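One file, input21.cif, is given below (mmCIF, C-alpha atoms (C1' of nucleotides)).
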data_structure
loop_
_atom_site.label_atom_id
_atom_site.label_comp_id
_atom_site.auth_asym_id
_atom_site.auth_seq_id
_atom_site.Cartn_x
_atom_site.Cartn_y
_atom_site.Cartn_z
CA MET A 743 -28.25 6.49 28.81
CA ASN A 744 -25.45 6.80 26.35
CA SER A 745 -24.94 10.28 25.15
CA ASP A 746 -24.77 13.81 26.10
CA TYR A 747 -22.92 14.13 22.82
CA THR A 748 -24.05 13.68 19.26
CA ASP A 749 -23.17 10.63 17.28
CA LYS A 750 -20.93 12.72 15.07
CA GLN A 751 -19.10 14.21 18.00
CA GLN A 752 -18.47 10.78 19.40
CA LYS A 753 -17.33 9.34 16.12
CA LEU A 754 -15.04 12.25 15.42
CA ALA A 755 -13.54 11.95 18.90
CA ARG A 756 -13.07 8.22 18.41
CA TYR A 757 -11.18 8.65 15.17
CA ALA A 758 -9.20 11.57 16.56
CA LYS A 759 -8.22 9.55 19.57
CA ALA A 760 -6.95 6.77 17.35
CA LEU A 761 -4.84 9.32 15.49
CA GLY A 762 -3.70 10.95 18.70
CA ASN A 763 -0.34 9.27 18.78
CA PRO A 764 2.60 9.79 16.41
CA THR A 765 3.23 6.07 16.06
CA ARG A 766 -0.30 5.51 14.88
CA VAL A 767 -0.12 8.46 12.51
CA ALA A 768 3.05 6.97 11.08
CA ILE A 769 1.36 3.59 10.67
CA MET A 770 -1.57 5.15 8.86
CA GLU A 771 0.70 7.11 6.54
CA PHE A 772 2.71 4.01 5.81
CA LEU A 773 -0.40 2.03 4.97
CA LEU A 774 -1.72 4.87 2.85
CA GLN A 775 1.49 4.93 0.83
CA GLN A 776 0.91 1.26 0.46
CA LYS A 777 4.43 0.05 0.19
CA THR A 778 3.09 -3.10 1.67
CA CYS A 779 0.61 -4.35 4.18
CA PHE A 780 2.44 -6.94 6.25
CA PHE A 781 2.91 -6.56 9.95
CA GLY A 782 6.64 -7.14 9.68
CA ASP A 783 7.08 -4.31 7.22
CA ILE A 784 5.09 -1.97 9.40
CA HIS A 785 7.02 -2.95 12.47
CA GLU A 786 10.28 -2.46 10.62
CA GLN A 787 9.46 1.21 10.21
CA LEU A 788 8.83 1.76 13.88
CA PRO A 789 11.19 2.36 16.80
CA ILE A 790 9.17 0.17 19.14
CA ALA A 791 8.82 -3.43 20.23
CA LYS A 792 6.74 -5.92 18.28
CA ALA A 793 4.22 -6.22 21.08
CA THR A 794 3.76 -2.47 21.16
CA ALA A 795 3.35 -2.22 17.41
CA SER A 796 0.75 -4.95 17.55
CA GLN A 797 -1.09 -3.03 20.26
CA HIS A 798 -1.16 0.16 18.20
CA LEU A 799 -2.45 -1.79 15.22
CA SER A 800 -5.18 -3.19 17.43
CA GLU A 801 -6.23 0.26 18.47
CA LEU A 802 -6.40 1.46 14.90
CA LYS A 803 -8.40 -1.64 14.08
CA ASP A 804 -10.75 -1.15 17.03
CA ALA A 805 -11.30 2.42 15.93
CA GLY A 806 -12.17 1.08 12.49
CA LEU A 807 -9.42 2.85 10.58
CA ILE A 808 -7.66 -0.30 9.45
CA GLN A 809 -8.35 -3.98 9.03
CA GLY A 810 -6.25 -7.08 9.14
CA GLU A 811 -6.29 -10.25 7.12
CA ILE A 812 -4.55 -13.40 8.27
CA MET A 813 -2.33 -14.95 5.61
CA PRO A 814 -0.40 -17.54 7.59
CA PRO A 815 2.09 -17.12 8.88
CA LYS A 816 1.79 -13.43 8.07
CA VAL A 817 -0.83 -10.82 8.68
CA LYS A 818 -1.72 -8.27 6.06
CA TYR A 819 -3.02 -4.94 7.22
CA CYS A 820 -4.70 -2.21 5.26
CA ILE A 821 -6.84 0.87 5.49
CA ASN A 822 -10.52 0.31 6.11
CA LYS A 823 -11.72 2.29 3.16
CA GLU A 824 -15.29 2.82 4.25
CA ASN A 825 -14.41 4.14 7.67
CA TRP A 826 -11.47 6.10 6.36
CA LEU A 827 -13.85 7.96 4.10
CA GLU A 828 -16.24 8.49 6.99
CA ALA A 829 -13.42 9.92 9.09
CA LYS A 830 -12.33 12.10 6.22
CA ALA A 831 -15.86 13.44 5.88
CA LEU A 832 -16.24 14.05 9.61
CA PHE A 833 -12.96 15.93 9.88
CA GLY A 834 -13.79 17.80 6.70
CA GLU A 835 -17.07 18.99 8.14
CA PHE A 836 -15.47 19.82 11.44
CA PHE A 837 -12.79 21.99 9.91
CA GLU A 838 -15.20 23.73 7.61
CA HIS A 839 -16.66 25.50 10.61
CA CYS A 840 -15.96 29.17 10.14
CA VAL A 841 -13.50 30.87 12.38
CA CYS A 842 -14.05 34.38 11.04
CA LYS A 843 -16.65 35.02 13.67
CA ASN A 844 -13.76 35.04 16.03
CA ASP A 845 -12.32 38.26 14.77
CA LYS A 846 -14.24 40.01 17.50
CA CYS A 847 -13.07 37.57 20.11
CA CYS A 848 -9.81 37.57 22.00
CA GLY A 849 -8.30 40.66 20.51
CA MET B 1300 17.05 13.11 20.65
CA ASN B 1301 13.45 13.95 20.13
CA SER B 1302 11.99 12.25 17.17
CA ASP B 1303 11.63 9.12 15.34
CA TYR B 1304 8.65 10.88 13.82
CA THR B 1305 8.39 13.87 11.57
CA ASP B 1306 7.33 17.22 12.86
CA LYS B 1307 4.11 16.95 10.91
CA GLN B 1308 3.33 13.55 12.33
CA GLN B 1309 3.87 14.84 15.83
CA LYS B 1310 1.80 17.96 15.30
CA LEU B 1311 -1.02 16.03 13.72
CA ALA B 1312 -0.99 13.56 16.59
CA ARG B 1313 -0.98 16.40 19.10
CA TYR B 1314 -4.03 18.04 17.56
CA ALA B 1315 -5.78 14.73 17.11
CA LYS B 1316 -5.17 13.84 20.72
CA ALA B 1317 -6.72 17.12 21.82
CA LEU B 1318 -9.77 16.28 19.72
CA GLY B 1319 -9.84 12.72 20.95
CA ASN B 1320 -12.58 13.28 23.48
CA PRO B 1321 -16.23 14.08 22.82
CA THR B 1322 -16.33 16.81 25.45
CA ARG B 1323 -13.50 18.62 23.77
CA VAL B 1324 -15.05 18.18 20.35
CA ALA B 1325 -18.23 19.69 21.74
CA ILE B 1326 -16.29 22.61 23.21
CA MET B 1327 -14.60 23.29 19.90
CA GLU B 1328 -17.87 23.17 18.01
CA PHE B 1329 -19.46 25.50 20.49
CA LEU B 1330 -16.62 27.99 20.20
CA LEU B 1331 -16.71 27.71 16.42
CA GLN B 1332 -20.42 28.54 16.39
CA GLN B 1333 -19.39 31.42 18.52
CA LYS B 1334 -22.48 31.93 20.55
CA THR B 1335 -20.16 33.31 23.15
CA CYS B 1336 -16.77 32.77 24.60
CA PHE B 1337 -17.19 32.84 28.35
CA PHE B 1338 -16.25 29.89 30.48
CA GLY B 1339 -19.64 29.86 32.17
CA ASP B 1340 -21.47 29.57 28.87
CA ILE B 1341 -19.23 26.76 27.77
CA HIS B 1342 -19.63 24.95 31.05
CA GLU B 1343 -23.38 25.37 30.86
CA GLN B 1344 -23.43 23.25 27.69
CA LEU B 1345 -21.55 20.40 29.30
CA PRO B 1346 -22.67 17.55 31.54
CA ILE B 1347 -19.57 17.76 33.69
CA ALA B 1348 -18.24 19.55 36.73
CA LYS B 1349 -16.68 22.99 36.48
CA ALA B 1350 -13.26 21.66 37.43
CA THR B 1351 -13.43 19.06 34.67
CA ALA B 1352 -14.54 21.59 32.10
CA SER B 1353 -11.66 23.83 33.10
CA GLN B 1354 -9.29 20.91 32.69
CA HIS B 1355 -10.55 20.15 29.19
CA LEU B 1356 -10.17 23.79 28.24
CA SER B 1357 -6.61 23.69 29.51
CA GLU B 1358 -5.84 20.75 27.32
CA LEU B 1359 -7.26 22.43 24.26
CA LYS B 1360 -5.23 25.51 25.17
CA ASP B 1361 -2.05 23.49 25.71
CA ALA B 1362 -2.57 21.86 22.34
CA GLY B 1363 -2.89 25.35 20.87
CA LEU B 1364 -6.41 25.00 19.53
CA ILE B 1365 -7.93 27.68 21.73
CA GLN B 1366 -6.84 30.63 23.78
CA GLY B 1367 -8.20 32.36 26.85
CA GLU B 1368 -8.39 36.00 27.80
CA ILE B 1369 -8.98 37.06 31.37
CA MET B 1370 -11.75 39.62 31.77
CA PRO B 1371 -12.25 39.64 35.51
CA PRO B 1372 -14.06 38.03 36.96
CA LYS B 1373 -14.76 36.13 33.76
CA VAL B 1374 -12.61 34.36 31.24
CA LYS B 1375 -13.26 34.61 27.56
CA TYR B 1376 -12.21 31.69 25.41
CA CYS B 1377 -11.92 31.46 21.68
CA ILE B 1378 -10.39 29.51 18.86
CA ASN B 1379 -6.70 30.08 18.20
CA LYS B 1380 -7.09 30.97 14.57
CA GLU B 1381 -3.50 30.43 13.49
CA ASN B 1382 -3.22 26.97 14.97
CA TRP B 1383 -6.72 26.04 13.94
CA LEU B 1384 -5.73 26.73 10.36
CA GLU B 1385 -2.56 24.74 10.80
CA ALA B 1386 -4.53 21.81 12.15
CA LYS B 1387 -7.00 22.11 9.31
CA ALA B 1388 -4.14 22.01 6.81
CA LEU B 1389 -2.48 19.04 8.49
CA PHE B 1390 -5.66 16.99 8.60
CA GLY B 1391 -6.44 18.08 5.06
CA GLU B 1392 -3.11 16.78 3.83
CA PHE B 1393 -3.44 13.62 5.85
CA PHE B 1394 -6.83 12.73 4.45
CA GLU B 1395 -5.81 13.54 0.91
CA HIS B 1396 -3.65 10.44 0.90
CA CYS B 1397 -5.09 8.13 -1.65
CA VAL B 1398 -6.76 4.96 -0.57
CA CYS B 1399 -7.36 3.56 -4.01
CA LYS B 1400 -4.06 1.70 -3.87
CA ASN B 1401 -5.80 -0.45 -1.36
CA ASP B 1402 -8.14 -2.03 -3.84
CA LYS B 1403 -5.67 -4.85 -4.17
CA CYS B 1404 -5.33 -5.18 -0.42
CA CYS B 1405 -7.56 -7.10 1.96
CA GLY B 1406 -10.02 -8.45 -0.49
"C1'" DA C 249 -14.25 45.71 54.80
"C1'" DA C 250 -17.37 41.86 53.66
"C1'" DA C 251 -19.82 39.18 50.43
"C1'" DA C 252 -20.66 37.55 45.94
"C1'" DT C 253 -19.14 36.04 41.34
"C1'" DA C 254 -16.28 33.46 38.12
"C1'" DA C 255 -13.04 30.35 37.20
"C1'" DT C 256 -8.65 27.87 38.34
"C1'" DT C 257 -5.91 24.91 41.15
"C1'" DC C 258 -5.38 21.22 44.62
"C1'" DG C 259 -5.88 16.69 46.29
"C1'" DT C 260 -7.36 12.47 45.11
"C1'" DA C 261 -9.32 8.29 42.93
"C1'" DT C 262 -10.16 5.54 38.93
"C1'" DT C 263 -9.36 4.25 34.43
"C1'" DT C 264 -6.78 4.16 30.25
"C1'" DT C 265 -2.62 4.37 27.60
"C1'" DT C 266 1.90 3.15 26.43
"C1'" DA C 267 5.59 0.07 26.61
"C1'" DC C 268 8.28 -4.09 27.20
"C1'" DG C 269 9.85 -8.97 27.46
"C1'" DA C 270 8.38 -13.50 27.73
"C1'" DA C 271 5.18 -16.99 26.68
"C1'" DC C 272 2.20 -18.70 23.22
"C1'" DA C 273 -0.17 -20.13 18.71
"C1'" DA C 274 -0.35 -21.47 14.02
"C1'" DA C 275 1.34 -22.53 9.80
"C1'" DA C 276 5.49 -23.52 6.79
"C1'" DA C 277 9.84 -25.49 6.13
"C1'" DG C 278 13.16 -28.73 7.13
"C1'" DC D 453 7.77 -34.56 13.84
"C1'" DT D 454 10.73 -30.77 15.05
"C1'" DT D 455 12.17 -26.20 14.07
"C1'" DT D 456 11.56 -21.74 12.24
"C1'" DT D 457 8.93 -17.83 11.09
"C1'" DT D 458 5.41 -14.49 12.12
"C1'" DG D 459 2.37 -12.13 15.13
"C1'" DT D 460 -0.60 -12.01 19.08
"C1'" DT D 461 -1.53 -12.37 23.91
"C1'" DC D 462 -0.12 -12.23 28.80
"C1'" DG D 463 1.71 -10.14 32.78
"C1'" DT D 464 3.25 -6.17 34.41
"C1'" DA D 465 4.83 -1.41 35.27
"C1'" DA D 466 4.78 3.43 34.78
"C1'" DA D 467 2.63 7.43 33.08
"C1'" DA D 468 -1.30 10.08 31.52
"C1'" DA D 469 -6.28 11.07 31.19
"C1'" DT D 470 -10.68 11.78 33.28
"C1'" DA D 471 -13.55 13.24 36.88
"C1'" DC D 472 -15.05 15.27 41.20
"C1'" DG D 473 -15.52 18.29 45.42
"C1'" DA D 474 -13.22 21.47 48.17
"C1'" DA D 475 -10.11 25.14 48.62
"C1'" DT D 476 -8.25 29.17 46.48
"C1'" DT D 477 -7.61 33.46 43.75
"C1'" DA D 478 -9.03 37.74 41.96
"C1'" DT D 479 -12.20 41.15 40.97
"C1'" DT D 480 -16.64 43.49 41.66
"C1'" DT D 481 -20.41 44.60 44.21
"C1'" DT D 482 -22.54 45.82 48.43
#
As structure tokens, please, write out the structure in this file.
Amino acid sequence: MNSDYTDKQQKLARYAKALGNPTRVAIMEFLLQQKTCFFGDIHEQLPIAKATASQHLSELKDAGLIQGEIMPPKVKYCINKENWLEAKALFGEFFEHCVCKNDKCCG
Amino acid sequence: MNSDYTDKQQKLARYAKALGNPTRVAIMEFLLQQKTCFFGDIHEQLPIAKATASQHLSELKDAGLIQGEIMPPKVKYCINKENWLEAKALFGEFFEHCVCKNDKCCG
DNA sequence: AAAATAATTCGTATTTTTACGAACAAAAAG
DNA sequence: CTTTTTGTTCGTAAAAATACGAATTATTTT
């Protein structure tokens, strides 16, 4: 009963949705640069409240792009390597689709 | 007064948001395969009402990923090549970020 | 002129997202 | 044991996304 869409389409959309917000893009880029992984350092970079930052981190985590590790009283976040590579592959495939066919279209 | 985020971060997020829905991913893939460009043919592929399909197409158009050409009484849609290539480049850059630094993080 | 075709827009309802401050939890430090 | 530090969760509000059927627009066909 689940899908009118392929698994790949759904996964791609899921990752895209997670990246569909500039704050979350900024978080990902910060984590990828790897200056550090602690929540506080991430929050420091962002022009938003702590609660909001935490929410965005949750969404990235739910989407599978990052993971968190509790190191009391701090929380260390980082990229989820496996899923990051899956996302990279999915977007790679997606953007490899040829657009040349379109030369005849719309102009 | 606009941005706490870079132009690239905002553009990437904008494109990602447009792709953050399986219906819209399916539309893009259909247009990229280029079987045809007419609204009716696109709608035919989708398990949703005409009005909803039209809405999704509008969002893809607003995000710049596609464009429409009126050919009464039909409308021909296609990929917006320029922006598609921009999106491809932005995602390409984004996913090139190294993840190896993370070996020390989270395990 | 009337009817048919193709797609958008309108009105509306439901759900989800985004954001914040305040309350809370859990461990460390005093 | 109390306080401080660090993040999450709660309650809530406002905005945006998703979806539909009905009404509308614009052209073509009859």
Handout entry: Selection dump of the PyMOL selection byres ((chain A) within 12 of (chain D)), as a PyMOL selection string
Key = chain A and resi 759+780-785+791-797+799-800+810-819
Handout entry: Residues in the PyMOL selection byres ((chain C) within 8 of (chain B)), expressed as a ChimeraX atom specification
Key = /C:253-256
Exercise for the section: For chain B, list the residues within 7 Å of chain A, counting only C-alpha atoms, and write the list as a PyMOL selection string. Expected result: chain B and resi 1303-1304+1308-1309+1312-1313+1315-1316+1318-1321+1324-1325+1331+1333+1346+1368+1377+1380+1387+1394+1396-1398+1400-1401+1404-1405
Box in all listed atoms of segment 468-481 of chain D, axis-aligned, with 3 Å more on each side; write out centre and edge lengths in Å to one decimal as lines of an AutoDock Vina configuration file.
center_x = -10.9
center_y = 27.3
center_z = 39.9
size_x = 25.1
size_y = 40.5
size_z = 23.4
Exercise for the section: For atom CA of Asn825 of chain A and atom CA of Ile808 of chain A, determine how far apart the two atoms are, in Å to one decimal place. Expected result: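 Pair atom CA of Asn825 of chain A / atom CA of Ile808 of chain A returns 8.3 Å.
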Problem - Separation of atom CA of Leu832 of chain A from atom CA of Ile1326 of chain B in Å - result: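 Computed distance, atom CA of Ile1326 of chain B to atom CA of Leu832 of chain A, equals 16.1 Å.
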Practice task
Figure out the distance between atom CA of Glu828 of chain A and atom CA of Ala805 of chain A, please, to one decimal in Å.
Solution key: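 Taking atom CA of Ala805 of chain A and atom CA of Glu828 of chain A, their separation equals 11.9 Å.
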